[in-house]
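*Asks:* Provided herewith is a single structure, encoded as structure tokens, for subsequent inquiry.
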Protein chains: 4
Amino acid sequence: MAKDIQKERPSYRIPINKVGIRGLRYPISVLDREHGHQNTVAQVSMFVDLPGELRGTHMSRFVEILNGFRGEVTYKELEPILRHMQEVFDAECAHLEMVFPYFCEKRAPVTKASGYVDYEAIFEGSLKEDHYDFLLGVRVPITTLCPCSKELSRFGAHNQRGYVTLKVRSEQFIWLEELIEWAEGAASAPIYSVLKRDDEKEVTEQAYLNPRFVEDVVRAISERLGKDSRITWFRVEAENMESIHNHNAYAIIEKQGPAFNGKGKD
Amino acid sequence: MAKDIQKERPSYRIPINKVGIRGLRYPISVLDREHGHQNTVAQVSMFVDLPGELRGTHMSRFVEILNGFRGEVTYKELEPILRHMQEVFDAECAHLEMVFPYFCEKRAPVTKASGYVDYEAIFEGSLKEDHYDFLLGVRVPITTLCPCSKELSRFGAHNQRGYVTLKVRSEQFIWLEELIEWAEGAASAPIYSVLKRDDEKEVTEQAYLNPRFVEDVVRAISERLGKDSRITWFRVEAENMESIHNHNAYAIIEKQGPAFNGKGKD
Amino acid sequence: MAKDIQKERPSYRIPINKVGIRGLRYPISVLDREHGHQNTVAQVSMFVDLPGELRGTHMSRFVEILNGFRGEVTYKELEPILRHMQEVFDAECAHLEMVFPYFCEKRAPVTKASGYVDYEAIFEGSLKEDHYDFLLGVRVPITTLCPCSKELSRFGAHNQRGYVTLKVRSEQFIWLEELIEWAEGAASAPIYSVLKRDDEKEVTEQAYLNPRFVEDVVRAISERLGKDSRITWFRVEAENMESIHNHNAYAIIEKQGPAFNGKGKD
Amino acid sequence: MAKDIQKERPSYRIPINKVGIRGLRYPISVLDREHGHQNTVAQVSMFVDLPGELRGTHMSRFVEILNGFRGEVTYKELEPILRHMQEVFDAECAHLEMVFPYFCEKRAPVTKASGYVDYEAIFEGSLKEDHYDFLLGVRVPITTLCPCSKELSRFGAHNQRGYVTLKVRSEQFIWLEELIEWAEGAASAPIYSVLKRDDEKEVTEQAYLNPRFVEDVVRAISERLGKDSRITWFRVEAENMESIHNHNAYAIIEKQGPAFNGKGKD
């Protein structure tokens with residue numbers, strides 16, 4: 001019978017921080033504040049640490065574990081998946097990341113015409129021995145109108161689609177919808193999927209009356225997050241696909257909180 | 001000695017339209033109207049047809065042929081490369097595609113501050129027996145300001161970065177710079193890499209005074225191209241990264257000219 | 001009251017081939033041979049033609065139309081959506097494209113361990129006056145093992161992940177699962193999401209015993225498609241992420257059938 | 001005269017970690033061990049910090065600064081650019097990142113046929129008050145052959161293209177070519193752009209004789225880096241585009257050295 005190569009001693013007994021799978025697409029169902037749950041498709045990464053004495057990881061087990069938990073994926077479900085990963089791999093640390101489109105029904109501001117806006121949601125769970133850590137994130141499209149352009153110009157002001165990327169660590173439950181509202185509340189105007197004539201007038205004028213730099217956007221969101229006692233760490237990024245340039249304007253504020261797992265890559 | 005598998009008879013004697021390599025990155029030098037030439041890096045595809053009697057193609061020869069022509073890549077150079085491909089592969093048809101960043105120095109409208117704007121250039125050459133065909137293309141970032149939003153709103157108007165993608169077939173030499181000028185001339189305003197305060201005022205007001213739908217943009221460029229006797233076929237696309245939506249607005253006009261090589265994928 | 005700018009006369013009375021929206025993400029439900037239906041998320045494009053006399057299109061209507069048909073999206077549903085687009089926009093031609101991840105449960109060859117494999121499915125529907133046209137497509141990951149490398153080498157043979165992209169036009173219903181089976185049947189081996197030790201042995205040996213060039217893959221699929229009386233046109237592409245190069249090997253066969261709508265970009 | 005909006009007081013006096021531009025494409029010239037220098041095209045990001053008292057940054061100055069240093073971009077040039085950024089923006093911290101294709105001529109192992117292999121190079125420079133920090137990185141395509149598949153199977157072994165991403169902090173000069181050699185030395189076999197028949201035999205057999213998990217790859221490189229006294233911090237990632245799956249295998253080792261600038265995003 002063939003040897004189990006993964007259980008061999010490696011040439012170099014160096015511990016590996018994370019080993020596992022990336023780029024796995026997987027159908028999931030997540031909590032939805034309005035409708036109970038929502039079906040979507042995630043890009044999944046799953047990693048464990050590997051001690052210096054073991055050569056390899058049995059990669060097929062990651063997908064098997066995920067299969068065993070198929071169905072609702074929520075904050076509560078991430079921890080049992082991570083615990084199962086720790087057990088199956090006999091690992092100290094387990095990591096699970098999911099990025100997926102998330103849809104919210106949004107009504108146009110005047111006509112109340114309804115449409116689905118798509119956001120990019122991010123779940124990052126880690127379990128280090130007994131310490132569970134969870135980061136919730138979302139990427140929110142917004143309209144930003146340049147305060148400088150408005151001030152300088154006799155009429156008009158350049159504006160564009162921008163994206164806010166928001167990640168928070170919290171001790172208590174937070175809805176994706178809350179993060180989305182905070183991001184949209186800091187914009188010159190929110191974006192919509194359906195806007196009729198009266199709505200287009202409304203959002204155009206709203207944006208003109210609320211000019212925002214990327215600097216303004218990340219500050220307003222940080223101010224809001226700093227006041228929420230549930231949130232112990234956050235990072236806020238804003239990036240404008242500038243309408244007058246072929247490059248982007250960008251700003252980031254990161255709250256230096258009690259870092260836990262030295263996430264170098266999120 | 002090992003058999004030459006590629007020369008075997010295939011299981012199914014079906015001719016193959018195109019076989020070759022894709023995604024090869026390659027440093028090239030191209031003609032530049034202002035500076036004589038310009039160094040850049042291309043994504044290269046090279047294909048030949050394969051008759052039903054031959055099982056395979058010797059893929060390494062594509063890169064060897066390209067190596068043999070290293071240096072200036074121009075309209076004139078594409079044809080000899082294609083002829084060499086025909087000979088080496090004993091093929092009826094040869095195809096060569098290159099997509100690469102191309103930079104033009106552009107001065108801001110008021111302060112004349114200088115900066116490099118990056119465009120995406122496209123070369124597509126084909127040789128079918130003795131018939132040489134060349135398509136020149138470019139992707140140009142522009143500003144578009146919505147005529148409807150301007151008309152409806154008491155102040156301001158939504159605008160955004162858009163991209164014009166332009167491809168032409170012509171009997172005579174055309175500069176990339178000419179295509180770029182036509183695309184920018186149909187925009188609400190061109191984009192720049194450096195804009196000082198007085199320039200930002202100027203382009204903001206220029207865009208407000210020249211509202212353009214994607215429909216307006218592709219029509220204005222088509223009108224211009226239709227009057228150029230050098231151009232026998234063209235396709236013009238405009239796509240707006242709408243500032244009020246998370247999806248894009250898009251329009252395309254294609255002149256139905258004397259199609260030659262049934263390019264299904266460009 | 002503000003003018004309806006879109007109904008104005010354009011500066012240039014040039015008809016526009018396609019105008020509409022791109023990059024709209026939308027949750028859909030599609031037919032699934034095993035489970036009845038499947039929830040997924042599509043990238044949607046919707047276009048109509050625009051006559052020379054009208055300046056613009058009311059873009060918000062595309063999303064409204066899609067909202068009206070929310071639910072099951074199948075071959076049958078595409079045509080009513082397209083008819084509704086024709087009516088609402090008073091258009092001669094309507095186009096709808098959807099690209100979405102599609103999952104099939106697949107059992108490992110020896111242990112029968114189950115896992116979900118993700119494919120990229122493509123729906124392209126067009127309605128030109130009364131003529132309905134539908135293209136079904138899918139992108140299938142496969143394993144390919146190089147016949148030349150096997151022949152030349154004393155042991156081993158380079159192999160890699162490749163992708164088959166398959167599009168067909170047919171008069172009758174065809175399952176996505178059928179296209180997937182044909183693509184996988186032409187590979188050195190299919191790919192799986194879960195493979196245990198005995199399975200990995202099996203697929204490794206299967207691939208070694210079935211070496212395939214990209215040329216072999218597209219020919220075998222074309223042979224199969226040519227024998228299916230339901231299929232009136234097809235295009236088959238194979239692309240290998242070569243393990244010994246940083247560029248890809250590529251082949252394409254397109255059956256020159258009765259072209260209908262001059263799709264320039266698919 | 002219009003106000004300088006950027007100099008206003010912001011609504012929330014929160015310092016911003018980084019503000020600036022992203023996604024700027026720029027032609028650069030870098031040091032090349034064989035040929036003195038090499039022309040290429042970079043994706044550039046430039047950021048400074050912004051104190052709580054200032055509302056905004058004058059974004060056009062980033063591009064102007066870069067224009068002023070046009071020409072050779074090397075380790076030595078990054079620091080003066082960063083100093084200039086500090087001065088112009090009156091900032092405490094300045095950051096500059098460049099990612100660009102980098103080509104090395106590589107000869108096939110048997111026939112010595114020559115070809116250019118493309119790598120993705122990364123420069124990350126930071127200046128925090130007087131402390132200059134530089135990270136050098138590169139992404140290297142390699143061949144990996146699965147030890148488990150080889151052990152289990154009677155013949156053959158699955159293999160694939162993988163990518164090593166390597167970043168180092170060092171006190172002294174290191175060539176990109178050194179990092180590339182270390183990455184390729186840990187692979188089952190290096191990749192090439194031109195391989196003739198005798199070469200393909202050689203690399204196929206070499207890979208079969210040197211099976212490597214992603215775990216083996218990151219350990220071998222870490223072992224090598226740990227012995228180089230110039231290097232004070234490193235991170236090594238390996239990712240396989242598995243030929244038997246549609247997802248990737250991944251491993252990372254990060255040396256926990258004296259962190260300097262809390263880079264959260266690299």
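Starting from 1 in every chain, residues are counted up; chains themselves are A, B, ... following the order of the structure tokens, and ligands are numbered from 1 as listed.
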May I have the residues of chain B within 8 Å of chain A, counting only C-alpha atoms, written as a ChimeraX atom specification?
*Replies:* /B:117-118,141-144,149,152-162,190-193,197-198,200-205,208,241-247
*Asks:* Output N, CA and C atoms of each residue in that selection to a file, as a short mmCIF file (atom, residue, chain, number, x, y, z; two decimals), in the first residue's frame.
*Replies:*
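The resulting file, out_16.cif, is reproduced below:
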data_model
loop_
_atom_site.label_atom_id
_atom_site.label_comp_id
_atom_site.auth_asym_id
_atom_site.auth_seq_id
_atom_site.Cartn_x
_atom_site.Cartn_y
_atom_site.Cartn_z
N VAL B 117 -0.94 60.18 -20.23
CA VAL B 117 -2.21 59.46 -20.14
C VAL B 117 -2.01 58.09 -20.78
N ASP B 118 -2.53 57.05 -20.12
CA ASP B 118 -2.36 55.71 -20.65
C ASP B 118 -3.61 55.25 -21.39
N PRO B 141 -10.05 56.33 -22.21
CA PRO B 141 -10.87 56.80 -21.08
C PRO B 141 -11.38 58.21 -21.37
N ILE B 142 -12.64 58.47 -21.05
CA ILE B 142 -13.23 59.80 -21.28
C ILE B 142 -14.13 60.18 -20.10
N THR B 143 -14.51 61.46 -20.06
CA THR B 143 -15.56 61.90 -19.15
C THR B 143 -16.86 62.03 -19.93
N THR B 144 -17.95 61.49 -19.37
CA THR B 144 -19.27 61.71 -19.98
C THR B 144 -20.19 62.30 -18.92
N SER B 149 -29.77 63.96 -16.89
CA SER B 149 -29.57 64.43 -15.52
C SER B 149 -29.43 65.96 -15.49
N LEU B 152 -32.89 67.59 -16.16
CA LEU B 152 -33.86 67.42 -15.09
C LEU B 152 -33.54 68.23 -13.83
N SER B 153 -32.25 68.44 -13.58
CA SER B 153 -31.83 68.91 -12.25
C SER B 153 -31.66 70.42 -12.21
N ARG B 154 -31.93 70.99 -11.06
CA ARG B 154 -31.77 72.43 -10.90
C ARG B 154 -30.29 72.83 -10.92
N PHE B 155 -29.43 71.90 -10.47
CA PHE B 155 -27.99 72.18 -10.48
C PHE B 155 -27.27 70.84 -10.54
N GLY B 156 -26.08 70.88 -11.12
CA GLY B 156 -25.27 69.67 -11.25
C GLY B 156 -25.81 68.74 -12.32
N ALA B 157 -25.09 67.65 -12.51
CA ALA B 157 -25.46 66.61 -13.47
C ALA B 157 -24.53 65.45 -13.20
N HIS B 158 -25.08 64.23 -13.21
CA HIS B 158 -24.15 63.12 -12.90
C HIS B 158 -23.23 62.91 -14.10
N ASN B 159 -21.99 62.61 -13.78
CA ASN B 159 -21.01 62.32 -14.83
C ASN B 159 -20.11 61.20 -14.32
N GLN B 160 -19.22 60.68 -15.18
CA GLN B 160 -18.45 59.51 -14.79
C GLN B 160 -17.32 59.27 -15.79
N ARG B 161 -16.46 58.35 -15.40
CA ARG B 161 -15.45 57.89 -16.35
C ARG B 161 -16.12 56.87 -17.28
N GLY B 162 -15.86 57.01 -18.55
CA GLY B 162 -16.32 56.03 -19.52
C GLY B 162 -15.14 55.57 -20.35
N PRO B 190 -12.21 65.39 -22.33
CA PRO B 190 -11.16 64.36 -22.27
C PRO B 190 -10.71 64.19 -20.82
N ILE B 191 -10.01 63.12 -20.53
CA ILE B 191 -9.43 62.99 -19.20
C ILE B 191 -7.93 63.32 -19.28
N TYR B 192 -7.36 63.62 -18.13
CA TYR B 192 -5.95 64.02 -18.03
C TYR B 192 -5.33 63.29 -16.84
N SER B 193 -4.00 63.27 -16.77
CA SER B 193 -3.39 62.70 -15.56
C SER B 193 -3.00 63.78 -14.56
N ARG B 197 -5.83 73.49 -10.25
CA ARG B 197 -7.14 74.07 -9.93
C ARG B 197 -7.82 74.72 -11.14
N ASP B 198 -7.08 75.53 -11.89
CA ASP B 198 -7.69 76.20 -13.04
C ASP B 198 -8.12 75.21 -14.13
N GLU B 200 -9.04 72.07 -13.47
CA GLU B 200 -10.20 71.31 -12.98
C GLU B 200 -11.48 72.12 -13.21
N LYS B 201 -11.40 73.43 -12.97
CA LYS B 201 -12.53 74.32 -13.30
C LYS B 201 -12.89 74.19 -14.78
N GLU B 202 -11.88 74.24 -15.62
CA GLU B 202 -12.12 74.22 -17.06
C GLU B 202 -12.79 72.92 -17.52
N VAL B 203 -12.25 71.75 -17.07
CA VAL B 203 -12.83 70.49 -17.56
C VAL B 203 -14.21 70.24 -16.93
N THR B 204 -14.41 70.71 -15.70
CA THR B 204 -15.73 70.57 -15.08
C THR B 204 -16.78 71.34 -15.90
N GLU B 205 -16.44 72.57 -16.24
CA GLU B 205 -17.39 73.39 -17.00
C GLU B 205 -17.55 72.88 -18.43
N TYR B 208 -19.90 70.05 -18.36
CA TYR B 208 -21.28 70.49 -18.11
C TYR B 208 -21.90 71.10 -19.37
N MET B 241 -19.04 53.89 -16.70
CA MET B 241 -19.12 53.36 -15.34
C MET B 241 -20.04 54.30 -14.55
N GLU B 242 -21.31 54.20 -14.83
CA GLU B 242 -22.33 55.11 -14.31
C GLU B 242 -22.09 55.48 -12.85
N SER B 243 -22.13 56.77 -12.55
CA SER B 243 -21.89 57.19 -11.17
C SER B 243 -23.11 56.98 -10.28
N ILE B 244 -24.29 56.78 -10.87
CA ILE B 244 -25.51 56.64 -10.05
C ILE B 244 -25.97 55.18 -9.97
N HIS B 245 -25.26 54.28 -10.67
CA HIS B 245 -25.60 52.86 -10.65
C HIS B 245 -24.34 52.03 -10.38
N ASN B 246 -24.54 50.76 -10.08
CA ASN B 246 -23.40 49.83 -10.01
C ASN B 246 -23.32 48.97 -11.27
N HIS B 247 -24.01 49.39 -12.33
CA HIS B 247 -23.84 48.73 -13.63
C HIS B 247 -23.50 49.79 -14.66
#
*Asks:* Extract the full set of strand (DSSP E or B) residues from region 13-154 of chain D according to DSSP on the backbone, and format it as a ChimeraX atom specification.
*Replies:* /D:16-32,36-50,72,93-107,114-128,131-145
*Asks:* Quick one, how far is CA of Glu105 (chain D) from CA of Ile231 (chain D)?
*Replies:* 25.9 Å
*Asks:* List every residue of region 49-229 of chain C that DSSP, applied to the backbone of this structure, assigns to alpha helix (DSSP H), and report them as JSON, numbers by chain.
*Replies:* {"C": [60, 61, 62, 63, 64, 65, 66, 67, 68, 75, 76, 77, 78, 79, 80, 81, 82, 83, 84, 85, 86, 87, 88, 89, 147, 148, 149, 150, 151, 152, 176, 177, 178, 179, 180, 181, 182, 183, 184, 185, 197, 198, 199, 200, 201, 202, 203, 204, 205, 206, 207, 208, 209, 214, 215, 216, 217, 218, 219, 220, 221, 222, 223, 224, 225, 226]}
*Asks:* Any idea what's packed within 8 Å of region 30-36 of chain C, counting only C-alpha atoms, ignoring anything in its chain fewer than 4 positions away? Could you give it as a short mmCIF file (atom, residue, chain, number, x, y, z; two decimals) with N, CA and C atoms, in the first residue's frame?
*Replies:*
data_model
loop_
_atom_site.label_atom_id
_atom_site.label_comp_id
_atom_site.auth_asym_id
_atom_site.auth_seq_id
_atom_site.Cartn_x
_atom_site.Cartn_y
_atom_site.Cartn_z
N THR C 40 -28.52 30.97 -8.31
CA THR C 40 -27.17 31.45 -8.58
C THR C 40 -27.22 32.96 -8.84
N GLU C 72 -37.59 32.03 -12.03
CA GLU C 72 -36.96 31.04 -12.91
C GLU C 72 -36.53 31.67 -14.25
N VAL C 73 -35.28 31.53 -14.58
CA VAL C 73 -34.81 31.98 -15.89
C VAL C 73 -34.42 30.75 -16.70
N THR C 74 -35.16 30.46 -17.73
CA THR C 74 -34.87 29.29 -18.54
C THR C 74 -34.92 29.69 -20.00
N TRP C 175 -29.56 20.28 -22.27
CA TRP C 175 -29.17 20.56 -20.89
C TRP C 175 -27.73 21.07 -20.84
N GLU C 177 -25.90 20.18 -18.60
CA GLU C 177 -25.20 18.96 -18.20
C GLU C 177 -24.71 18.15 -19.42
#
*Asks:* Write out as a list in words each polymer residue whose atoms come within 7 Å of region 232-234 of chain B, counting only C-alpha atoms; drop sequence neighbours fewer than 4 positions from it.
*Replies:*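 With the cut-off at 7 Å, the set is Lys167, Val168, Arg169, Ser170, Glu254, Lys255, Gln256 and Gly257 of chain B.
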*Asks:* Let me see the file: selected residues, C-alpha atoms, as a compact mmCIF listing (two decimals), in the first residue's frame.
*Replies:*
# COMPACT_ATOMS: atom_id res chain seq x y z
CA LYS B 167 -11.36 49.47 -34.00
CA VAL B 168 -10.74 50.32 -37.62
CA ARG B 169 -9.64 48.56 -40.79
CA SER B 170 -7.92 50.83 -43.22
CA GLU B 254 -20.44 48.58 -36.24
CA LYS B 255 -20.06 49.51 -39.87
CA GLN B 256 -20.97 46.51 -41.94
CA GLY B 257 -18.13 46.68 -44.42
*Asks:* How many Å lie between CA of Leu136 (chain C) and CA of Trp182 (chain C), rounded to one decimal?
*Replies:*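 That distance, rounded to one decimal, is 13.7 Å.
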*Asks:* Give me, please, the distance in Å between CA of Val48 (chain B) and CA of Ile28 (chain B), quoted to one decimal.
*Replies:*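 If I compute the distance from CA of Val48 (chain B) to CA of Ile28 (chain B), I get 21.5 Å.
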